[in-house]
Amino acid sequence: MPATIETYEKFPRGIAEPRLKEEQRLRLKAGAITSTYRGAERTGWTLTTVWNVIGEQ
């Protein structure tokens, strides 16, 4: 089993990019390895975060 897992979160259109940057910052602060987003305010966003799986190698 991999020692990491990716999560994908969808944010609806109309959310401004600074909000996504804050969500990204919070996930990194919570211990995520990486967190990236893509999309646009007019179409919606996807936030992809990579986490360590505790206890796996």
# chains A, B, ... in the order shown; residues from 1 in each chain; ligands from 1
>>> residues_around(residues="stretch 4-13 of chain A", least_positions_apart="4", cutoff="6 Å", atoms="only C-alpha atoms", output="ChimeraX atom specification")
/A:41-53
>>> residues_around(residues="A:Gln24", least_positions_apart="4", cutoff="10 Å", atoms="only C-alpha atoms", output="list in words")
Pro18, Arg19, Leu20, Leu28, Lys29, Ala30, Ala32, Thr34, Ser35, Thr36, Tyr37, Leu47, Thr48 and Thr49 of chain A
>>> write_last_selection(atoms="all heavy atoms", output="mmCIF file, in the first residue's frame")
data_model
loop_
_atom_site.group_PDB
_atom_site.id
_atom_site.type_symbol
_atom_site.label_atom_id
_atom_site.label_comp_id
_atom_site.auth_asym_id
_atom_site.auth_seq_id
_atom_site.Cartn_x
_atom_site.Cartn_y
_atom_site.Cartn_z
ATOM 1 N N PRO A 18 -8.176 33.970 -3.911
ATOM 2 C CA PRO A 18 -7.598 34.100 -2.564
ATOM 3 C C PRO A 18 -8.184 33.096 -1.563
ATOM 4 O O PRO A 18 -7.482 32.624 -0.666
ATOM 5 C CB PRO A 18 -7.932 35.538 -2.161
ATOM 6 C CG PRO A 18 -8.010 36.265 -3.460
ATOM 7 C CD PRO A 18 -8.623 35.272 -4.419
ATOM 8 N N ARG A 19 -9.424 32.733 -1.724
ATOM 9 C CA ARG A 19 -10.034 31.719 -0.856
ATOM 10 C C ARG A 19 -9.356 30.363 -1.057
ATOM 11 O O ARG A 19 -9.110 29.632 -0.112
ATOM 12 C CB ARG A 19 -11.533 31.634 -1.146
ATOM 13 C CG ARG A 19 -12.227 30.416 -0.613
ATOM 14 C CD ARG A 19 -12.602 30.528 0.870
ATOM 15 N NE ARG A 19 -13.106 29.268 1.356
ATOM 16 C CZ ARG A 19 -14.340 28.821 1.217
ATOM 17 N NH1 ARG A 19 -15.249 29.564 0.622
ATOM 18 N NH2 ARG A 19 -14.695 27.651 1.698
ATOM 19 N N LEU A 20 -9.045 30.026 -2.318
ATOM 20 C CA LEU A 20 -8.357 28.766 -2.601
ATOM 21 C C LEU A 20 -6.953 28.781 -2.010
ATOM 22 O O LEU A 20 -6.497 27.772 -1.469
ATOM 23 C CB LEU A 20 -8.274 28.517 -4.103
ATOM 24 C CG LEU A 20 -9.371 27.635 -4.685
ATOM 25 C CD1 LEU A 20 -9.204 26.200 -4.316
ATOM 26 C CD2 LEU A 20 -10.728 28.131 -4.435
ATOM 27 N N LEU A 28 -1.621 22.676 4.162
ATOM 28 C CA LEU A 28 -0.181 22.558 4.384
ATOM 29 C C LEU A 28 0.150 22.719 5.866
ATOM 30 O O LEU A 28 0.982 21.987 6.404
ATOM 31 C CB LEU A 28 0.575 23.573 3.533
ATOM 32 C CG LEU A 28 0.499 23.312 2.018
ATOM 33 C CD1 LEU A 28 1.059 24.503 1.254
ATOM 34 C CD2 LEU A 28 1.223 22.033 1.647
ATOM 35 N N LYS A 29 -0.527 23.633 6.519
ATOM 36 C CA LYS A 29 -0.328 23.827 7.959
ATOM 37 C C LYS A 29 -0.748 22.584 8.740
ATOM 38 O O LYS A 29 -0.165 22.258 9.767
ATOM 39 C CB LYS A 29 -1.126 25.050 8.420
ATOM 40 C CG LYS A 29 -0.885 25.424 9.858
ATOM 41 C CD LYS A 29 -1.631 26.703 10.218
ATOM 42 C CE LYS A 29 -1.381 27.059 11.661
ATOM 43 N NZ LYS A 29 -2.079 28.288 12.042
ATOM 44 N N ALA A 30 -1.753 21.862 8.236
ATOM 45 C CA ALA A 30 -2.244 20.653 8.898
ATOM 46 C C ALA A 30 -1.361 19.435 8.639
ATOM 47 O O ALA A 30 -1.624 18.365 9.163
ATOM 48 C CB ALA A 30 -3.670 20.359 8.437
ATOM 49 N N ALA A 32 -0.080 18.444 5.286
ATOM 50 C CA ALA A 32 -0.061 17.905 3.931
ATOM 51 C C ALA A 32 1.343 18.022 3.342
ATOM 52 O O ALA A 32 2.091 18.939 3.668
ATOM 53 C CB ALA A 32 -1.052 18.653 3.043
ATOM 54 N N THR A 34 1.905 18.183 -0.119
ATOM 55 C CA THR A 34 1.703 19.215 -1.138
ATOM 56 C C THR A 34 0.208 19.509 -1.251
ATOM 57 O O THR A 34 -0.625 18.683 -0.889
ATOM 58 C CB THR A 34 2.207 18.792 -2.534
ATOM 59 O OG1 THR A 34 1.460 17.664 -2.977
ATOM 60 C CG2 THR A 34 3.692 18.479 -2.530
ATOM 61 N N SER A 35 -0.083 20.670 -1.775
ATOM 62 C CA SER A 35 -1.462 21.048 -2.045
ATOM 63 C C SER A 35 -1.447 22.010 -3.227
ATOM 64 O O SER A 35 -0.771 23.036 -3.179
ATOM 65 C CB SER A 35 -2.093 21.700 -0.817
ATOM 66 O OG SER A 35 -3.461 21.956 -1.046
ATOM 67 N N THR A 36 -2.157 21.646 -4.283
ATOM 68 C CA THR A 36 -2.211 22.482 -5.474
ATOM 69 C C THR A 36 -3.664 22.638 -5.911
ATOM 70 O O THR A 36 -4.502 21.791 -5.616
ATOM 71 C CB THR A 36 -1.405 21.861 -6.638
ATOM 72 O OG1 THR A 36 -1.915 20.566 -6.915
ATOM 73 C CG2 THR A 36 0.070 21.766 -6.298
ATOM 74 N N TYR A 37 -3.943 23.719 -6.602
ATOM 75 C CA TYR A 37 -5.292 23.920 -7.123
ATOM 76 C C TYR A 37 -5.208 24.317 -8.580
ATOM 77 O O TYR A 37 -4.197 24.814 -9.052
ATOM 78 C CB TYR A 37 -6.068 24.957 -6.308
ATOM 79 C CG TYR A 37 -5.475 26.336 -6.324
ATOM 80 C CD1 TYR A 37 -5.832 27.252 -7.305
ATOM 81 C CD2 TYR A 37 -4.579 26.744 -5.347
ATOM 82 C CE1 TYR A 37 -5.294 28.525 -7.317
ATOM 83 C CE2 TYR A 37 -4.034 28.010 -5.355
ATOM 84 C CZ TYR A 37 -4.406 28.906 -6.340
ATOM 85 O OH TYR A 37 -3.879 30.161 -6.360
ATOM 86 N N LEU A 47 -8.997 21.319 -5.739
ATOM 87 C CA LEU A 47 -7.852 21.376 -4.835
ATOM 88 C C LEU A 47 -7.372 19.945 -4.626
ATOM 89 O O LEU A 47 -8.122 19.088 -4.169
ATOM 90 C CB LEU A 47 -8.255 22.004 -3.503
ATOM 91 C CG LEU A 47 -7.183 22.163 -2.436
ATOM 92 C CD1 LEU A 47 -6.084 23.110 -2.904
ATOM 93 C CD2 LEU A 47 -7.801 22.680 -1.150
ATOM 94 N N THR A 48 -6.121 19.673 -5.002
ATOM 95 C CA THR A 48 -5.524 18.345 -4.870
ATOM 96 C C THR A 48 -4.480 18.407 -3.763
ATOM 97 O O THR A 48 -3.566 19.221 -3.816
ATOM 98 C CB THR A 48 -4.862 17.901 -6.190
ATOM 99 O OG1 THR A 48 -5.832 17.949 -7.229
ATOM 100 C CG2 THR A 48 -4.288 16.507 -6.074
ATOM 101 N N THR A 49 -4.626 17.530 -2.769
ATOM 102 C CA THR A 49 -3.728 17.531 -1.614
ATOM 103 C C THR A 49 -3.161 16.133 -1.436
ATOM 104 O O THR A 49 -3.879 15.152 -1.545
ATOM 105 C CB THR A 49 -4.480 17.969 -0.347
ATOM 106 O OG1 THR A 49 -5.099 19.235 -0.599
ATOM 107 C CG2 THR A 49 -3.541 18.130 0.836
#
>>> atom_distance(atom1="atom CA of A:Ala16", atom2="atom CA of A:Ala40")
8.3 Å
>>> select_by_dssp(residues="chain A", states="strand (DSSP E)", output="PDB file with all heavy atoms, in the first residue's frame")
ATOM      1  N   THR A   4       1.270   7.370   0.812  1.00  0.00           N
ATOM      2  CA  THR A   4       0.590   8.655   0.648  1.00  0.00           C
ATOM      3  C   THR A   4      -0.769   8.433   0.001  1.00  0.00           C
ATOM      4  O   THR A   4      -1.024   7.407  -0.613  1.00  0.00           O
ATOM      5  CB  THR A   4       1.401   9.630  -0.237  1.00  0.00           C
ATOM      6  OG1 THR A   4       1.548   9.066  -1.535  1.00  0.00           O
ATOM      7  CG2 THR A   4       2.755   9.954   0.369  1.00  0.00           C
ATOM      8  N   ILE A   5      -1.617   9.424   0.154  1.00  0.00           N
ATOM      9  CA  ILE A   5      -2.936   9.402  -0.481  1.00  0.00           C
ATOM     10  C   ILE A   5      -3.231  10.814  -0.995  1.00  0.00           C
ATOM     11  O   ILE A   5      -2.814  11.803  -0.386  1.00  0.00           O
ATOM     12  CB  ILE A   5      -4.032   8.930   0.491  1.00  0.00           C
ATOM     13  CG1 ILE A   5      -5.343   8.716  -0.237  1.00  0.00           C
ATOM     14  CG2 ILE A   5      -4.180   9.878   1.658  1.00  0.00           C
ATOM     15  CD1 ILE A   5      -6.394   8.012   0.572  1.00  0.00           C
ATOM     16  N   GLU A   6      -3.901  10.881  -2.132  1.00  0.00           N
ATOM     17  CA  GLU A   6      -4.318  12.165  -2.692  1.00  0.00           C
ATOM     18  C   GLU A   6      -5.804  12.367  -2.442  1.00  0.00           C
ATOM     19  O   GLU A   6      -6.591  11.437  -2.617  1.00  0.00           O
ATOM     20  CB  GLU A   6      -4.067  12.223  -4.199  1.00  0.00           C
ATOM     21  CG  GLU A   6      -2.630  12.353  -4.571  1.00  0.00           C
ATOM     22  CD  GLU A   6      -2.429  12.546  -6.067  1.00  0.00           C
ATOM     23  OE1 GLU A   6      -3.414  12.530  -6.837  1.00  0.00           O
ATOM     24  OE2 GLU A   6      -1.283  12.717  -6.459  1.00  0.00           O
ATOM     25  N   THR A   7      -6.148  13.571  -2.031  1.00  0.00           N
ATOM     26  CA  THR A   7      -7.559  13.927  -1.911  1.00  0.00           C
ATOM     27  C   THR A   7      -7.861  15.017  -2.939  1.00  0.00           C
ATOM     28  O   THR A   7      -7.007  15.839  -3.264  1.00  0.00           O
ATOM     29  CB  THR A   7      -7.910  14.439  -0.496  1.00  0.00           C
ATOM     30  OG1 THR A   7      -7.101  15.575  -0.178  1.00  0.00           O
ATOM     31  CG2 THR A   7      -7.677  13.353   0.545  1.00  0.00           C
ATOM     32  N   TYR A   8      -9.083  14.976  -3.454  1.00  0.00           N
ATOM     33  CA  TYR A   8      -9.534  15.942  -4.455  1.00  0.00           C
ATOM     34  C   TYR A   8     -10.793  16.610  -3.926  1.00  0.00           C
ATOM     35  O   TYR A   8     -11.756  15.928  -3.596  1.00  0.00           O
ATOM     36  CB  TYR A   8      -9.844  15.243  -5.780  1.00  0.00           C
ATOM     37  CG  TYR A   8      -8.678  14.459  -6.317  1.00  0.00           C
ATOM     38  CD1 TYR A   8      -8.559  13.103  -6.041  1.00  0.00           C
ATOM     39  CD2 TYR A   8      -7.697  15.072  -7.077  1.00  0.00           C
ATOM     40  CE1 TYR A   8      -7.483  12.368  -6.511  1.00  0.00           C
ATOM     41  CE2 TYR A   8      -6.617  14.347  -7.556  1.00  0.00           C
ATOM     42  CZ  TYR A   8      -6.517  13.000  -7.274  1.00  0.00           C
ATOM     43  OH  TYR A   8      -5.450  12.288  -7.742  1.00  0.00           O
ATOM     44  N   GLU A   9     -10.757  17.920  -3.840  1.00  0.00           N
ATOM     45  CA  GLU A   9     -11.913  18.674  -3.355  1.00  0.00           C
ATOM     46  C   GLU A   9     -12.357  19.632  -4.444  1.00  0.00           C
ATOM     47  O   GLU A   9     -11.553  20.374  -4.995  1.00  0.00           O
ATOM     48  CB  GLU A   9     -11.544  19.463  -2.103  1.00  0.00           C
ATOM     49  CG  GLU A   9     -11.121  18.586  -0.946  1.00  0.00           C
ATOM     50  CD  GLU A   9     -10.581  19.408   0.200  1.00  0.00           C
ATOM     51  OE1 GLU A   9     -11.400  19.952   0.971  1.00  0.00           O
ATOM     52  OE2 GLU A   9      -9.352  19.526   0.300  1.00  0.00           O
ATOM     53  N   LYS A  10     -13.634  19.613  -4.738  1.00  0.00           N
ATOM     54  CA  LYS A  10     -14.219  20.499  -5.750  1.00  0.00           C
ATOM     55  C   LYS A  10     -14.807  21.731  -5.060  1.00  0.00           C
ATOM     56  O   LYS A  10     -15.497  21.619  -4.046  1.00  0.00           O
ATOM     57  CB  LYS A  10     -15.325  19.777  -6.515  1.00  0.00           C
ATOM     58  CG  LYS A  10     -14.885  18.515  -7.201  1.00  0.00           C
ATOM     59  CD  LYS A  10     -14.294  18.822  -8.529  1.00  0.00           C
ATOM     60  CE  LYS A  10     -14.010  17.494  -9.239  1.00  0.00           C
ATOM     61  NZ  LYS A  10     -13.379  17.679 -10.493  1.00  0.00           N
ATOM     62  N   PHE A  11     -14.511  22.888  -5.620  1.00  0.00           N
ATOM     63  CA  PHE A  11     -15.076  24.146  -5.148  1.00  0.00           C
ATOM     64  C   PHE A  11     -15.884  24.740  -6.300  1.00  0.00           C
ATOM     65  O   PHE A  11     -15.408  24.782  -7.434  1.00  0.00           O
ATOM     66  CB  PHE A  11     -13.967  25.109  -4.723  1.00  0.00           C
ATOM     67  CG  PHE A  11     -13.263  24.689  -3.461  1.00  0.00           C
ATOM     68  CD1 PHE A  11     -12.248  23.746  -3.498  1.00  0.00           C
ATOM     69  CD2 PHE A  11     -13.626  25.221  -2.239  1.00  0.00           C
ATOM     70  CE1 PHE A  11     -11.597  23.348  -2.347  1.00  0.00           C
ATOM     71  CE2 PHE A  11     -12.979  24.829  -1.080  1.00  0.00           C
ATOM     72  CZ  PHE A  11     -11.968  23.887  -1.131  1.00  0.00           C
ATOM     73  N   THR A  34       1.905  18.183  -0.119  1.00  0.00           N
ATOM     74  CA  THR A  34       1.703  19.215  -1.138  1.00  0.00           C
ATOM     75  C   THR A  34       0.208  19.509  -1.251  1.00  0.00           C
ATOM     76  O   THR A  34      -0.625  18.683  -0.889  1.00  0.00           O
ATOM     77  CB  THR A  34       2.207  18.792  -2.534  1.00  0.00           C
ATOM     78  OG1 THR A  34       1.460  17.664  -2.977  1.00  0.00           O
ATOM     79  CG2 THR A  34       3.692  18.479  -2.530  1.00  0.00           C
ATOM     80  N   SER A  35      -0.083  20.670  -1.775  1.00  0.00           N
ATOM     81  CA  SER A  35      -1.462  21.048  -2.045  1.00  0.00           C
ATOM     82  C   SER A  35      -1.447  22.010  -3.227  1.00  0.00           C
ATOM     83  O   SER A  35      -0.771  23.036  -3.179  1.00  0.00           O
ATOM     84  CB  SER A  35      -2.093  21.700  -0.817  1.00  0.00           C
ATOM     85  OG  SER A  35      -3.461  21.956  -1.046  1.00  0.00           O
ATOM     86  N   THR A  36      -2.157  21.646  -4.283  1.00  0.00           N
ATOM     87  CA  THR A  36      -2.211  22.482  -5.474  1.00  0.00           C
ATOM     88  C   THR A  36      -3.664  22.638  -5.911  1.00  0.00           C
ATOM     89  O   THR A  36      -4.502  21.791  -5.616  1.00  0.00           O
ATOM     90  CB  THR A  36      -1.405  21.861  -6.638  1.00  0.00           C
ATOM     91  OG1 THR A  36      -1.915  20.566  -6.915  1.00  0.00           O
ATOM     92  CG2 THR A  36       0.070  21.766  -6.298  1.00  0.00           C
ATOM     93  N   TYR A  37      -3.943  23.719  -6.602  1.00  0.00           N
ATOM     94  CA  TYR A  37      -5.292  23.920  -7.123  1.00  0.00           C
ATOM     95  C   TYR A  37      -5.208  24.317  -8.580  1.00  0.00           C
ATOM     96  O   TYR A  37      -4.197  24.814  -9.052  1.00  0.00           O
ATOM     97  CB  TYR A  37      -6.068  24.957  -6.308  1.00  0.00           C
ATOM     98  CG  TYR A  37      -5.475  26.336  -6.324  1.00  0.00           C
ATOM     99  CD1 TYR A  37      -5.832  27.252  -7.305  1.00  0.00           C
ATOM    100  CD2 TYR A  37      -4.579  26.744  -5.347  1.00  0.00           C
ATOM    101  CE1 TYR A  37      -5.294  28.525  -7.317  1.00  0.00           C
ATOM    102  CE2 TYR A  37      -4.034  28.010  -5.355  1.00  0.00           C
ATOM    103  CZ  TYR A  37      -4.406  28.906  -6.340  1.00  0.00           C
ATOM    104  OH  TYR A  37      -3.879  30.161  -6.360  1.00  0.00           O
ATOM    105  N   ARG A  38      -6.298  24.048  -9.277  1.00  0.00           N
ATOM    106  CA  ARG A  38      -6.397  24.481 -10.666  1.00  0.00           C
ATOM    107  C   ARG A  38      -7.859  24.767 -10.974  1.00  0.00           C
ATOM    108  O   ARG A  38      -8.756  24.293 -10.290  1.00  0.00           O
ATOM    109  CB  ARG A  38      -5.818  23.460 -11.624  1.00  0.00           C
ATOM    110  CG  ARG A  38      -6.537  22.162 -11.648  1.00  0.00           C
ATOM    111  CD  ARG A  38      -5.844  21.217 -12.595  1.00  0.00           C
ATOM    112  NE  ARG A  38      -6.698  20.047 -12.759  1.00  0.00           N
ATOM    113  CZ  ARG A  38      -6.397  19.010 -13.447  1.00  0.00           C
ATOM    114  NH1 ARG A  38      -5.247  18.951 -14.060  1.00  0.00           N
ATOM    115  NH2 ARG A  38      -7.217  18.008 -13.552  1.00  0.00           N
ATOM    116  N   GLY A  39      -8.034  25.554 -12.004  1.00  0.00           N
ATOM    117  CA  GLY A  39      -9.374  25.954 -12.391  1.00  0.00           C
ATOM    118  C   GLY A  39      -9.447  27.460 -12.518  1.00  0.00           C
ATOM    119  O   GLY A  39      -8.438  28.134 -12.681  1.00  0.00           O
ATOM    120  N   ALA A  40     -10.652  27.988 -12.409  1.00  0.00           N
ATOM    121  CA  ALA A  40     -10.875  29.423 -12.516  1.00  0.00           C
ATOM    122  C   ALA A  40     -12.157  29.779 -11.776  1.00  0.00           C
ATOM    123  O   ALA A  40     -13.021  28.931 -11.562  1.00  0.00           O
ATOM    124  CB  ALA A  40     -10.990  29.846 -13.975  1.00  0.00           C
ATOM    125  N   GLY A  44     -15.001  27.016 -11.659  1.00  0.00           N
ATOM    126  CA  GLY A  44     -14.855  26.185 -10.468  1.00  0.00           C
ATOM    127  C   GLY A  44     -13.418  25.727 -10.300  1.00  0.00           C
ATOM    128  O   GLY A  44     -12.582  25.886 -11.194  1.00  0.00           O
ATOM    129  N   TRP A  45     -13.120  25.167  -9.152  1.00  0.00           N
ATOM    130  CA  TRP A  45     -11.757  24.810  -8.782  1.00  0.00           C
ATOM    131  C   TRP A  45     -11.685  23.357  -8.315  1.00  0.00           C
ATOM    132  O   TRP A  45     -12.656  22.815  -7.803  1.00  0.00           O
ATOM    133  CB  TRP A  45     -11.293  25.675  -7.613  1.00  0.00           C
ATOM    134  CG  TRP A  45     -11.367  27.140  -7.834  1.00  0.00           C
ATOM    135  CD1 TRP A  45     -12.398  27.968  -7.517  1.00  0.00           C
ATOM    136  CD2 TRP A  45     -10.364  27.979  -8.402  1.00  0.00           C
ATOM    137  NE1 TRP A  45     -12.108  29.266  -7.850  1.00  0.00           N
ATOM    138  CE2 TRP A  45     -10.857  29.299  -8.393  1.00  0.00           C
ATOM    139  CE3 TRP A  45      -9.094  27.750  -8.919  1.00  0.00           C
ATOM    140  CZ2 TRP A  45     -10.128  30.371  -8.871  1.00  0.00           C
ATOM    141  CZ3 TRP A  45      -8.364  28.819  -9.395  1.00  0.00           C
ATOM    142  CH2 TRP A  45      -8.877  30.123  -9.367  1.00  0.00           C
ATOM    143  N   THR A  46     -10.490  22.783  -8.434  1.00  0.00           N
ATOM    144  CA  THR A  46     -10.187  21.494  -7.828  1.00  0.00           C
ATOM    145  C   THR A  46      -8.917  21.667  -7.007  1.00  0.00           C
ATOM    146  O   THR A  46      -7.891  22.130  -7.524  1.00  0.00           O
ATOM    147  CB  THR A  46      -9.965  20.394  -8.888  1.00  0.00           C
ATOM    148  OG1 THR A  46     -11.158  20.261  -9.648  1.00  0.00           O
ATOM    149  CG2 THR A  46      -9.648  19.061  -8.220  1.00  0.00           C
ATOM    150  N   LEU A  47      -8.997  21.319  -5.739  1.00  0.00           N
ATOM    151  CA  LEU A  47      -7.852  21.376  -4.835  1.00  0.00           C
ATOM    152  C   LEU A  47      -7.372  19.945  -4.626  1.00  0.00           C
ATOM    153  O   LEU A  47      -8.122  19.088  -4.169  1.00  0.00           O
ATOM    154  CB  LEU A  47      -8.255  22.004  -3.503  1.00  0.00           C
ATOM    155  CG  LEU A  47      -7.183  22.163  -2.436  1.00  0.00           C
ATOM    156  CD1 LEU A  47      -6.084  23.110  -2.904  1.00  0.00           C
ATOM    157  CD2 LEU A  47      -7.801  22.680  -1.150  1.00  0.00           C
ATOM    158  N   THR A  48      -6.121  19.673  -5.002  1.00  0.00           N
ATOM    159  CA  THR A  48      -5.524  18.345  -4.870  1.00  0.00           C
ATOM    160  C   THR A  48      -4.480  18.407  -3.763  1.00  0.00           C
ATOM    161  O   THR A  48      -3.566  19.221  -3.816  1.00  0.00           O
ATOM    162  CB  THR A  48      -4.862  17.901  -6.190  1.00  0.00           C
ATOM    163  OG1 THR A  48      -5.832  17.949  -7.229  1.00  0.00           O
ATOM    164  CG2 THR A  48      -4.288  16.507  -6.074  1.00  0.00           C
ATOM    165  N   THR A  49      -4.626  17.530  -2.769  1.00  0.00           N
ATOM    166  CA  THR A  49      -3.728  17.531  -1.614  1.00  0.00           C
ATOM    167  C   THR A  49      -3.161  16.133  -1.436  1.00  0.00           C
ATOM    168  O   THR A  49      -3.879  15.152  -1.545  1.00  0.00           O
ATOM    169  CB  THR A  49      -4.480  17.969  -0.347  1.00  0.00           C
ATOM    170  OG1 THR A  49      -5.099  19.235  -0.599  1.00  0.00           O
ATOM    171  CG2 THR A  49      -3.541  18.130   0.836  1.00  0.00           C
ATOM    172  N   VAL A  50      -1.859  16.062  -1.146  1.00  0.00           N
ATOM    173  CA  VAL A  50      -1.188  14.791  -0.893  1.00  0.00           C
ATOM    174  C   VAL A  50      -0.860  14.726   0.585  1.00  0.00           C
ATOM    175  O   VAL A  50      -0.257  15.640   1.153  1.00  0.00           O
ATOM    176  CB  VAL A  50       0.107  14.660  -1.734  1.00  0.00           C
ATOM    177  CG1 VAL A  50       0.822  13.346  -1.419  1.00  0.00           C
ATOM    178  CG2 VAL A  50      -0.208  14.752  -3.217  1.00  0.00           C
ATOM    179  N   TRP A  51      -1.273  13.607   1.214  1.00  0.00           N
ATOM    180  CA  TRP A  51      -1.091  13.387   2.651  1.00  0.00           C
ATOM    181  C   TRP A  51      -0.266  12.127   2.894  1.00  0.00           C
ATOM    182  O   TRP A  51      -0.377  11.170   2.146  1.00  0.00           O
ATOM    183  CB  TRP A  51      -2.441  13.176   3.327  1.00  0.00           C
ATOM    184  CG  TRP A  51      -3.422  14.285   3.147  1.00  0.00           C
ATOM    185  CD1 TRP A  51      -4.336  14.407   2.150  1.00  0.00           C
ATOM    186  CD2 TRP A  51      -3.593  15.426   3.982  1.00  0.00           C
ATOM    187  NE1 TRP A  51      -5.070  15.550   2.324  1.00  0.00           N
ATOM    188  CE2 TRP A  51      -4.636  16.204   3.437  1.00  0.00           C
ATOM    189  CE3 TRP A  51      -2.974  15.864   5.145  1.00  0.00           C
ATOM    190  CZ2 TRP A  51      -5.069  17.379   4.017  1.00  0.00           C
ATOM    191  CZ3 TRP A  51      -3.408  17.050   5.716  1.00  0.00           C
ATOM    192  CH2 TRP A  51      -4.430  17.789   5.148  1.00  0.00           C
ATOM    193  N   ASN A  52       0.506  12.125   3.978  1.00  0.00           N
ATOM    194  CA  ASN A  52       1.145  10.901   4.446  1.00  0.00           C
ATOM    195  C   ASN A  52       0.081  10.019   5.092  1.00  0.00           C
ATOM    196  O   ASN A  52      -0.827  10.517   5.742  1.00  0.00           O
ATOM    197  CB  ASN A  52       2.195  11.198   5.522  1.00  0.00           C
ATOM    198  CG  ASN A  52       3.527  11.564   4.924  1.00  0.00           C
ATOM    199  OD1 ASN A  52       3.961  10.976   3.946  1.00  0.00           O
ATOM    200  ND2 ASN A  52       4.192  12.556   5.505  1.00  0.00           N
TER     201      ASN A  52
END
>>> select_by_dssp(residues="chain A", states="helix (DSSP H, G or I)", output="PyMOL selection string")
chain A and resi 17-29
>>> decode(residues="stretch 10-23 of chain A", atoms="N, CA, C and O atoms", output="mmCIF file, in the first residue's frame")
data_model
loop_
_atom_site.group_PDB
_atom_site.id
_atom_site.type_symbol
_atom_site.label_atom_id
_atom_site.label_comp_id
_atom_site.auth_asym_id
_atom_site.auth_seq_id
_atom_site.Cartn_x
_atom_site.Cartn_y
_atom_site.Cartn_z
ATOM 1 N N LYS A 10 -13.634 19.613 -4.738
ATOM 2 C CA LYS A 10 -14.219 20.499 -5.750
ATOM 3 C C LYS A 10 -14.807 21.731 -5.060
ATOM 4 O O LYS A 10 -15.497 21.619 -4.046
ATOM 5 N N PHE A 11 -14.511 22.888 -5.620
ATOM 6 C CA PHE A 11 -15.076 24.146 -5.148
ATOM 7 C C PHE A 11 -15.884 24.740 -6.300
ATOM 8 O O PHE A 11 -15.408 24.782 -7.434
ATOM 9 N N PRO A 12 -17.087 25.207 -6.034
ATOM 10 C CA PRO A 12 -17.951 25.688 -7.119
ATOM 11 C C PRO A 12 -17.460 26.999 -7.723
ATOM 12 O O PRO A 12 -16.656 27.719 -7.121
ATOM 13 N N ARG A 13 -17.968 27.285 -8.881
ATOM 14 C CA ARG A 13 -17.605 28.556 -9.511
ATOM 15 C C ARG A 13 -18.101 29.703 -8.640
ATOM 16 O O ARG A 13 -19.038 29.555 -7.854
ATOM 17 N N GLY A 14 -17.441 30.833 -8.787
ATOM 18 C CA GLY A 14 -17.794 31.999 -7.985
ATOM 19 C C GLY A 14 -16.887 32.189 -6.777
ATOM 20 O O GLY A 14 -16.892 33.244 -6.161
ATOM 21 N N ILE A 15 -16.102 31.162 -6.426
ATOM 22 C CA ILE A 15 -15.157 31.273 -5.310
ATOM 23 C C ILE A 15 -13.910 31.987 -5.834
ATOM 24 O O ILE A 15 -13.347 31.582 -6.851
ATOM 25 N N ALA A 16 -13.482 33.027 -5.155
ATOM 26 C CA ALA A 16 -12.316 33.794 -5.591
ATOM 27 C C ALA A 16 -11.011 33.051 -5.276
ATOM 28 O O ALA A 16 -10.935 32.265 -4.330
ATOM 29 N N GLU A 17 -9.986 33.284 -6.088
ATOM 30 C CA GLU A 17 -8.707 32.602 -5.923
ATOM 31 C C GLU A 17 -8.079 32.798 -4.544
ATOM 32 O O GLU A 17 -7.509 31.842 -3.999
ATOM 33 N N PRO A 18 -8.176 33.970 -3.911
ATOM 34 C CA PRO A 18 -7.598 34.100 -2.564
ATOM 35 C C PRO A 18 -8.184 33.096 -1.563
ATOM 36 O O PRO A 18 -7.482 32.624 -0.666
ATOM 37 N N ARG A 19 -9.424 32.733 -1.724
ATOM 38 C CA ARG A 19 -10.034 31.719 -0.856
ATOM 39 C C ARG A 19 -9.356 30.363 -1.057
ATOM 40 O O ARG A 19 -9.110 29.632 -0.112
ATOM 41 N N LEU A 20 -9.045 30.026 -2.318
ATOM 42 C CA LEU A 20 -8.357 28.766 -2.601
ATOM 43 C C LEU A 20 -6.953 28.781 -2.010
ATOM 44 O O LEU A 20 -6.497 27.772 -1.469
ATOM 45 N N LYS A 21 -6.275 29.907 -2.100
ATOM 46 C CA LYS A 21 -4.938 30.016 -1.510
ATOM 47 C C LYS A 21 -4.995 29.804 -0.001
ATOM 48 O O LYS A 21 -4.105 29.179 0.579
ATOM 49 N N GLU A 22 -6.022 30.302 0.639
ATOM 50 C CA GLU A 22 -6.181 30.111 2.084
ATOM 51 C C GLU A 22 -6.467 28.646 2.405
ATOM 52 O O GLU A 22 -5.912 28.088 3.356
ATOM 53 N N GLU A 23 -7.316 27.996 1.623
ATOM 54 C CA GLU A 23 -7.590 26.564 1.825
ATOM 55 C C GLU A 23 -6.311 25.754 1.650
ATOM 56 O O GLU A 23 -6.029 24.836 2.423
#
